[in-house]
Structures are given as C-alpha cells and as structure tokens.
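Structure below is input-v2.pdb: PDB, C-alpha atoms.
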```
ATOM      1  CA  MET A   1      57.219  28.750   4.107
ATOM      2  CA  CYS A   2      55.834  26.101   6.439
ATOM      3  CA  LYS A   3      56.581  22.706   4.998
ATOM      4  CA  THR A   4      55.962  20.899   8.240
ATOM      5  CA  VAL A   5      52.916  22.683   9.585
ATOM      6  CA  CYS A   6      51.086  23.722   6.449
ATOM      7  CA  MET A   7      51.938  20.961   4.000
ATOM      8  CA  VAL A   8      48.966  19.584   2.105
ATOM      9  CA  ILE A   9      48.860  16.403   0.081
ATOM     10  CA  LEU A  10      47.186  16.167  -3.288
ATOM     11  CA  ILE A  11      45.945  12.681  -4.098
ATOM     12  CA  ASN A  12      44.567  12.231  -7.587
ATOM     13  CA  PRO A  13      43.220   8.810  -8.605
ATOM     14  CA  PHE A  14      42.935   8.467 -12.403
ATOM     15  CA  LEU A  15      40.410   6.298 -14.206
ATOM     16  CA  VAL A  16      42.395   5.273 -17.283
ATOM     17  CA  PRO A  17      41.305   2.986 -20.113
ATOM     18  CA  PRO A  18      44.204   0.490 -20.400
ATOM     19  CA  ALA A  19      44.830   1.507 -24.016
ATOM     20  CA  LYS A  20      45.373   5.113 -22.862
ATOM     21  CA  ILE A  21      47.922   4.467 -20.140
ATOM     22  CA  ASP A  22      50.941   5.724 -22.098
ATOM     23  CA  ASP A  23      49.084   8.878 -23.149
ATOM     24  CA  ALA A  24      47.999   9.477 -19.557
ATOM     25  CA  ILE A  25      51.574   9.109 -18.292
ATOM     26  CA  ALA A  26      52.845  11.509 -20.957
ATOM     27  CA  MET A  27      50.146  14.011 -19.957
ATOM     28  CA  TRP A  28      51.099  13.646 -16.293
ATOM     29  CA  GLU A  29      54.741  14.357 -17.171
ATOM     30  CA  LYS A  30      53.771  17.610 -18.875
ATOM     31  CA  ALA A  31      51.675  18.666 -15.898
ATOM     32  CA  ARG A  32      54.522  17.785 -13.529
ATOM     33  CA  ASP A  33      57.003  19.802 -15.571
ATOM     34  CA  PHE A  34      54.767  22.854 -15.282
ATOM     35  CA  LEU A  35      53.708  22.437 -11.660
ATOM     36  CA  SER A  36      57.156  21.619 -10.309
ATOM     37  CA  SER A  37      58.316  25.100 -11.330
ATOM     38  CA  GLN A  38      55.546  26.810  -9.355
ATOM     39  CA  PRO A  39      55.800  28.432  -5.893
ATOM     40  CA  GLY A  40      54.899  26.082  -3.074
ATOM     41  CA  TYR A  41      55.583  22.839  -4.918
ATOM     42  CA  ILE A  42      57.400  20.288  -2.772
ATOM     43  CA  SER A  43      57.317  16.886  -4.522
ATOM     44  CA  THR A  44      55.233  14.481  -6.547
ATOM     45  CA  ALA A  45      55.092  10.764  -7.310
ATOM     46  CA  LEU A  46      53.050   8.955  -9.951
ATOM     47  CA  HIS A  47      51.892   5.528  -8.777
ATOM     48  CA  ARG A  48      50.998   2.800 -11.291
ATOM     49  CA  ALA A  49      48.847  -0.156 -10.264
ATOM     50  CA  ARG A  50      50.721  -3.472 -10.312
ATOM     51  CA  ASP A  51      47.520  -5.219 -11.474
ATOM     52  CA  GLU A  52      45.785  -4.014 -14.628
ATOM     53  CA  GLN A  53      42.441  -4.952 -13.029
ATOM     54  CA  ALA A  54      42.791  -2.186 -10.423
ATOM     55  CA  GLN A  55      40.074   0.473 -10.500
ATOM     56  CA  PHE A  56      42.610   3.314 -10.658
ATOM     57  CA  LEU A  57      45.547   2.435 -12.901
ATOM     58  CA  LEU A  58      47.345   5.651 -11.937
ATOM     59  CA  ILE A  59      47.310   7.662  -8.717
ATOM     60  CA  ASN A  60      49.306  10.841  -8.255
ATOM     61  CA  VAL A  61      50.456  11.843  -4.769
ATOM     62  CA  ALA A  62      52.005  15.318  -4.507
ATOM     63  CA  ARG A  63      53.020  17.614  -1.686
ATOM     64  CA  TRP A  64      52.398  21.356  -1.625
ATOM     65  CA  GLU A  65      53.230  23.969   0.962
ATOM     66  CA  SER A  66      49.619  25.194   1.186
ATOM     67  CA  GLU A  67      46.182  24.922  -0.371
ATOM     68  CA  ASP A  68      46.579  28.359  -1.915
ATOM     69  CA  ALA A  69      49.851  27.416  -3.553
ATOM     70  CA  PHE A  70      48.271  24.338  -5.128
ATOM     71  CA  TYR A  71      45.135  26.106  -6.356
ATOM     72  CA  SER A  72      47.122  29.042  -7.747
ATOM     73  CA  ALA A  73      49.499  26.711  -9.589
ATOM     74  CA  SER A  74      46.602  24.663 -10.967
ATOM     75  CA  LYS A  75      44.881  27.812 -12.212
ATOM     76  CA  ARG A  76      48.066  28.971 -13.931
ATOM     77  CA  MET A  77      48.478  25.545 -15.527
ATOM     78  CA  ARG A  78      44.949  25.651 -16.952
ATOM     79  CA  GLU A  79      45.477  29.166 -18.290
ATOM     80  CA  GLU A  80      49.054  28.955 -19.528
ATOM     81  CA  ALA A  81      50.273  25.404 -20.093
ATOM     82  CA  GLY A  82      48.007  24.462 -22.985
ATOM     83  CA  LEU A  83      47.642  20.847 -21.884
ATOM     84  CA  GLN A  84      45.063  18.805 -23.755
ATOM     85  CA  PRO A  85      43.053  16.198 -21.822
ATOM     86  CA  VAL A  86      43.468  12.558 -22.811
ATOM     87  CA  GLU A  87      40.220  11.093 -24.158
ATOM     88  CA  GLY A  88      38.572   8.737 -21.691
ATOM     89  CA  VAL A  89      40.808   9.661 -18.754
ATOM     90  CA  THR A  90      39.091  11.167 -15.712
ATOM     91  CA  SER A  91      40.399  11.971 -12.270
ATOM     92  CA  ALA A  92      39.216  12.914  -8.793
ATOM     93  CA  PRO A  93      41.841  15.250  -7.286
ATOM     94  CA  ALA A  94      41.480  16.387  -3.689
ATOM     95  CA  LEU A  95      43.684  17.790  -0.941
ATOM     96  CA  TYR A  96      44.399  15.742   2.163
ATOM     97  CA  SER A  97      46.085  15.918   5.541
ATOM     98  CA  ILE A  98      47.642  12.939   7.290
ATOM     99  CA  ILE A  99      45.586  12.305  10.438
ATOM    100  CA  ARG A 100      46.933   8.920  11.627
ATOM    101  CA  VAL A 101      50.120   6.910  11.173
TER     102      VAL A 101
ATOM    103  CA  MET B 102      64.285  -8.052   3.066
ATOM    104  CA  CYS B 103      64.338  -5.628   0.180
ATOM    105  CA  LYS B 104      62.765  -2.385   1.266
ATOM    106  CA  THR B 105      64.229  -0.416  -1.594
ATOM    107  CA  VAL B 106      63.847  -2.781  -4.522
ATOM    108  CA  CYS B 107      60.734  -4.739  -3.642
ATOM    109  CA  MET B 108      58.668  -2.197  -1.745
ATOM    110  CA  VAL B 109      55.062  -1.985  -2.829
ATOM    111  CA  ILE B 110      52.595   0.748  -1.967
ATOM    112  CA  LEU B 111      49.038   0.042  -0.968
ATOM    113  CA  ILE B 112      46.659   2.873  -1.798
ATOM    114  CA  ASN B 113      43.131   2.449  -0.539
ATOM    115  CA  PRO B 114      40.557   5.172  -1.272
ATOM    116  CA  PHE B 115      37.507   4.923   1.005
ATOM    117  CA  LEU B 116      34.005   6.007   0.082
ATOM    118  CA  VAL B 117      32.671   7.151   3.468
ATOM    119  CA  PRO B 118      29.252   8.635   4.261
ATOM    120  CA  PRO B 119      30.122  11.803   6.240
ATOM    121  CA  ALA B 120      28.155  10.537   9.257
ATOM    122  CA  LYS B 121      30.371   7.446   9.353
ATOM    123  CA  ILE B 122      33.754   9.137   9.323
ATOM    124  CA  ASP B 123      34.553   8.556  13.004
ATOM    125  CA  ASP B 124      33.545   4.899  12.770
ATOM    126  CA  ALA B 125      35.670   4.492   9.649
ATOM    127  CA  ILE B 126      38.713   6.044  11.356
ATOM    128  CA  ALA B 127      38.239   3.783  14.404
ATOM    129  CA  MET B 128      38.044   0.767  12.094
ATOM    130  CA  TRP B 129      41.199   1.861  10.294
ATOM    131  CA  GLU B 130      43.015   2.130  13.634
ATOM    132  CA  LYS B 131      42.120  -1.458  14.498
ATOM    133  CA  ALA B 132      43.310  -2.675  11.105
ATOM    134  CA  ARG B 133      46.543  -0.708  11.485
ATOM    135  CA  ASP B 134      47.159  -2.169  14.942
ATOM    136  CA  PHE B 135      46.874  -5.676  13.508
ATOM    137  CA  LEU B 136      48.753  -5.107  10.252
ATOM    138  CA  SER B 137      51.640  -3.158  11.763
ATOM    139  CA  SER B 138      52.624  -6.250  13.750
ATOM    140  CA  GLN B 139      52.849  -8.424  10.630
ATOM    141  CA  PRO B 140      56.013  -9.426   8.712
ATOM    142  CA  GLY B 141      56.840  -7.106   5.835
ATOM    143  CA  TYR B 142      54.970  -4.076   7.163
ATOM    144  CA  ILE B 143      56.914  -0.824   6.697
ATOM    145  CA  SER B 144      54.588   2.124   7.361
ATOM    146  CA  THR B 145      51.124   3.548   6.870
ATOM    147  CA  ALA B 146      49.400   6.926   6.794
ATOM    148  CA  LEU B 147      45.696   7.709   6.831
ATOM    149  CA  HIS B 148      44.831  10.776   4.748
ATOM    150  CA  ARG B 149      41.657  12.768   5.409
ATOM    151  CA  ALA B 150      40.205  15.075   2.769
ATOM    152  CA  ARG B 151      40.365  18.741   3.729
ATOM    153  CA  ASP B 152      37.058  19.332   1.941
ATOM    154  CA  GLU B 153      34.019  17.266   2.935
ATOM    155  CA  GLN B 154      32.856  17.397  -0.692
ATOM    156  CA  ALA B 155      35.761  15.217  -1.817
ATOM    157  CA  GLN B 156      34.812  11.914  -3.406
ATOM    158  CA  PHE B 157      37.074   9.926  -1.074
ATOM    159  CA  LEU B 158      37.007  11.328   2.464
ATOM    160  CA  LEU B 159      39.747   8.923   3.562
ATOM    161  CA  ILE B 160      42.670   7.433   1.641
ATOM    162  CA  ASN B 161      45.163   5.066   3.208
ATOM    163  CA  VAL B 162      48.718   4.899   1.849
ATOM    164  CA  ALA B 163      50.866   2.086   3.264
ATOM    165  CA  ARG B 164      54.227   0.579   2.424
ATOM    166  CA  TRP B 165      54.991  -3.157   2.431
ATOM    167  CA  GLU B 166      58.158  -5.062   1.643
ATOM    168  CA  SER B 167      56.437  -7.231  -0.976
ATOM    169  CA  GLU B 168      53.082  -8.159  -2.497
ATOM    170  CA  ASP B 169      53.201 -11.526  -0.721
ATOM    171  CA  ALA B 170      53.750  -9.887   2.662
ATOM    172  CA  PHE B 171      50.740  -7.635   2.140
ATOM    173  CA  TYR B 172      48.417 -10.381   0.905
ATOM    174  CA  SER B 173      49.459 -12.767   3.694
ATOM    175  CA  ALA B 174      48.925 -10.119   6.356
ATOM    176  CA  SER B 175      45.524  -9.192   4.893
ATOM    177  CA  LYS B 176      44.467 -12.849   4.887
ATOM    178  CA  ARG B 177      45.502 -13.239   8.504
ATOM    179  CA  MET B 178      43.608 -10.079   9.413
ATOM    180  CA  ARG B 179      40.415 -11.398   7.803
ATOM    181  CA  GLU B 180      40.788 -14.735   9.554
ATOM    182  CA  GLU B 181      42.022 -13.640  12.971
ATOM    183  CA  ALA B 182      41.334  -9.995  13.759
ATOM    184  CA  GLY B 183      37.533 -10.137  13.928
ATOM    185  CA  LEU B 184      37.075  -6.682  12.418
ATOM    186  CA  GLN B 185      33.518  -5.748  11.523
ATOM    187  CA  PRO B 186      32.934  -3.596   8.421
ATOM    188  CA  VAL B 187      31.401  -0.167   8.898
ATOM    189  CA  GLU B 188      27.991   0.104   7.221
ATOM    190  CA  GLY B 189      28.085   2.182   4.078
ATOM    191  CA  VAL B 190      31.879   2.338   3.849
ATOM    192  CA  THR B 191      33.493   0.821   0.761
ATOM    193  CA  SER B 192      37.048   0.878  -0.491
ATOM    194  CA  ALA B 193      39.139   0.100  -3.548
ATOM    195  CA  PRO B 194      42.533  -1.161  -2.324
ATOM    196  CA  ALA B 195      45.284  -1.880  -4.849
ATOM    197  CA  LEU B 196      49.050  -2.198  -4.883
ATOM    198  CA  TYR B 197      51.177   0.363  -6.703
ATOM    199  CA  SER B 198      54.740   1.113  -7.707
ATOM    200  CA  ILE B 199      56.114   4.619  -8.146
ATOM    201  CA  ILE B 200      56.953   5.043 -11.830
ATOM    202  CA  ARG B 201      57.673   8.782 -12.086
ATOM    203  CA  VAL B 202      58.729  11.574  -9.731
TER     204      VAL B 202
END
```

Could you spell out this file's structure in structure tokens?
Amino acid sequence: MCKTVCMVILINPFLVPPAKIDDAIAMWEKARDFLSSQPGYISTALHRARDEQAQFLLINVARWESEDAFYSASKRMREEAGLQPVEGVTSAPALYSIIRV
Amino acid sequence: MCKTVCMVILINPFLVPPAKIDDAIAMWEKARDFLSSQPGYISTALHRARDEQAQFLLINVARWESEDAFYSASKRMREEAGLQPVEGVTSAPALYSIIRV
C-alpha cells in the first residue's frame, strides 16, 4: 500500500467513430465495474470531448497503486470478464507519472 | 467563477521523439508559467509515460474555469509569450468533461 509514492496513472485515449460513442461508453462502464473491484484500484474518470471534432472523443484517466496491480487486473479482465470490443474503437493505454505541476 | 459547475479539462497528448523529451518538457514549463498567471486557470499536471515505447511520451492534463478562459489564455500566449515550437513535437489538445467515474 503506497498510494502516494507508488501511484501510477493510466491514461487511455480512445479513437471512437462518432456513431459508436454510446457503445464505447457502455463498454467502458463494464470494464470499470470489473477493474474497480480489483486489488490496487484507486479511482477512474472517463473524459468526453466537448467538441465532436476532437481526435480522441473519450479519454480514460485512472489511478492504480502500482504497475503490477494494473497489469494483473487487466490480465484478469481479459481472461475472466468476457468483454467484447466495440467495432471501430481503438485505444492507446499507457502508464504515466506526474513529473511537473 | 464556477469551478465546480463550469470546470473544463484540457487533455493534450504529445507525440515526442525520444531525443526531444527534455526540450519538450522545457517548452511545457514556459507555457505553464505563462498560462498559470491567466484568469480562469485552476491547475495543471504534466504526465510522463513510464515506458519509452508509449505512443504519447507526455500528456498534459489541466483544469480551467471555462472554455472561454482557456481559449483566451491560449490566444494571449500565442500573441505575447514568444514560445518557439520544438521540432518534431506535435500535440492534439482538446477540452473534456468528466462523464463517468
């Protein structure tokens, strides 16, 4: 347990065809429901672009206690949650640390 | 003044050639120093990918009191701050609202 020292931030920009936005949000909710029950989860927030012309219509920002916690939870989700990808939706998840404020 | 109701979130993923990361961070610091003095600014945080293979090595997440405050401050920065772009660095800034947690 090291929320202050070891916290990592997942940022996941989603490329979403506008017609698929509701499906993508519903998919995100299912993933959140699974991941938020996993060890090391701290919080998450789904961001929606205010302008439909934005490159990434959705961006997820989540906090995890460690890299291992996130990767373990993601692996369990892939193996156990049975989530189906939404056609045409792609994402570029990566883990970040805050280096400047 | 409506930090709770009207707050908007700027998320700006940067495509950064690895050799340019220090220049990009220095540029971000100059932009932050200008923008943080502007009306409507709330906070900012520069996120660095923990893995150099990530698509976006830097992502900025900032909070502003309104869209107008952000656009006005950005216009002033372009006109007054004299910041020079870093060669090879591109970004995709957009404004977001949190729709799910």

Residues returned when the ChimeraX specification (/A :<8) & /B runs on this file, as a PDB file with C-alpha atoms, in the frame of the given file:
```
ATOM      1  CA  SER B 144      54.588   2.124   7.361  1.00  0.00           C
ATOM      2  CA  THR B 145      51.124   3.548   6.870  1.00  0.00           C
ATOM      3  CA  ALA B 146      49.400   6.926   6.794  1.00  0.00           C
ATOM      4  CA  LEU B 147      45.696   7.709   6.831  1.00  0.00           C
ATOM      5  CA  HIS B 148      44.831  10.776   4.748  1.00  0.00           C
ATOM      6  CA  ARG B 149      41.657  12.768   5.409  1.00  0.00           C
ATOM      7  CA  ALA B 150      40.205  15.075   2.769  1.00  0.00           C
ATOM      8  CA  ARG B 151      40.365  18.741   3.729  1.00  0.00           C
ATOM      9  CA  ASP B 152      37.058  19.332   1.941  1.00  0.00           C
ATOM     10  CA  ALA B 155      35.761  15.217  -1.817  1.00  0.00           C
ATOM     11  CA  GLN B 156      34.812  11.914  -3.406  1.00  0.00           C
ATOM     12  CA  ALA B 193      39.139   0.100  -3.548  1.00  0.00           C
ATOM     13  CA  ALA B 195      45.284  -1.880  -4.849  1.00  0.00           C
ATOM     14  CA  LEU B 196      49.050  -2.198  -4.883  1.00  0.00           C
ATOM     15  CA  TYR B 197      51.177   0.363  -6.703  1.00  0.00           C
ATOM     16  CA  SER B 198      54.740   1.113  -7.707  1.00  0.00           C
ATOM     17  CA  ILE B 199      56.114   4.619  -8.146  1.00  0.00           C
ATOM     18  CA  ILE B 200      56.953   5.043 -11.830  1.00  0.00           C
ATOM     19  CA  ARG B 201      57.673   8.782 -12.086  1.00  0.00           C
ATOM     20  CA  VAL B 202      58.729  11.574  -9.731  1.00  0.00           C
TER      21      VAL B 202
END
```

Atom pair atom CA of Gly189 of chain B / atom CA of Ala132 of chain B: separation (Å):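 Pair atom CA of Gly189 of chain B / atom CA of Ala132 of chain B returns 17.5 Å.
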
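All residues of protein, DNA or RNA that reach within 9 Å of Ala69 of chain A, judged by only C-alpha atoms and not counting those fewer than 6 positions away in the chain, are Gln38, Pro39, Gly40 and Tyr41 of chain A.
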
Coordinates-based distance that separates atom CA of Leu15 of chain A from atom CA of Asn113 of chain B (Å, one decimal):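 A separation of 14.5 Å between them.
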
Residues near Met178 of chain B, cut-off 8 Å, only C-alpha atoms, skip fewer than 5 positions along chain, as a PyMOL selection string: chain B and resi 132+135-136+183-184

Atom CA of Val117 of chain B to atom CA of Val190 of chain B, distance in Å rounded to a single decimal: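 Straight-line distance from atom CA of Val117 of chain B to atom CA of Val190 of chain B works out to 4.9 Å.
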
Starting from 4 Å padding per side, set up an axis-aligned box that covers all listed atoms of segment 112-122 of chain B and hand over centre and edge lengths in Å, one decimal, as lines of an AutoDock Vina configuration file.
```
center_x = 37.4
center_y = 7.1
center_z = 3.8
size_x = 26.5
size_y = 17.4
size_z = 19.2
```

Counting only C-alpha atoms, the option among A:Ile42, A:Ser37, A:Glu65, A:Asp23 closest to Met7 of chain A: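 Result for the nearest residue to Met7 of chain A: A:Glu65.
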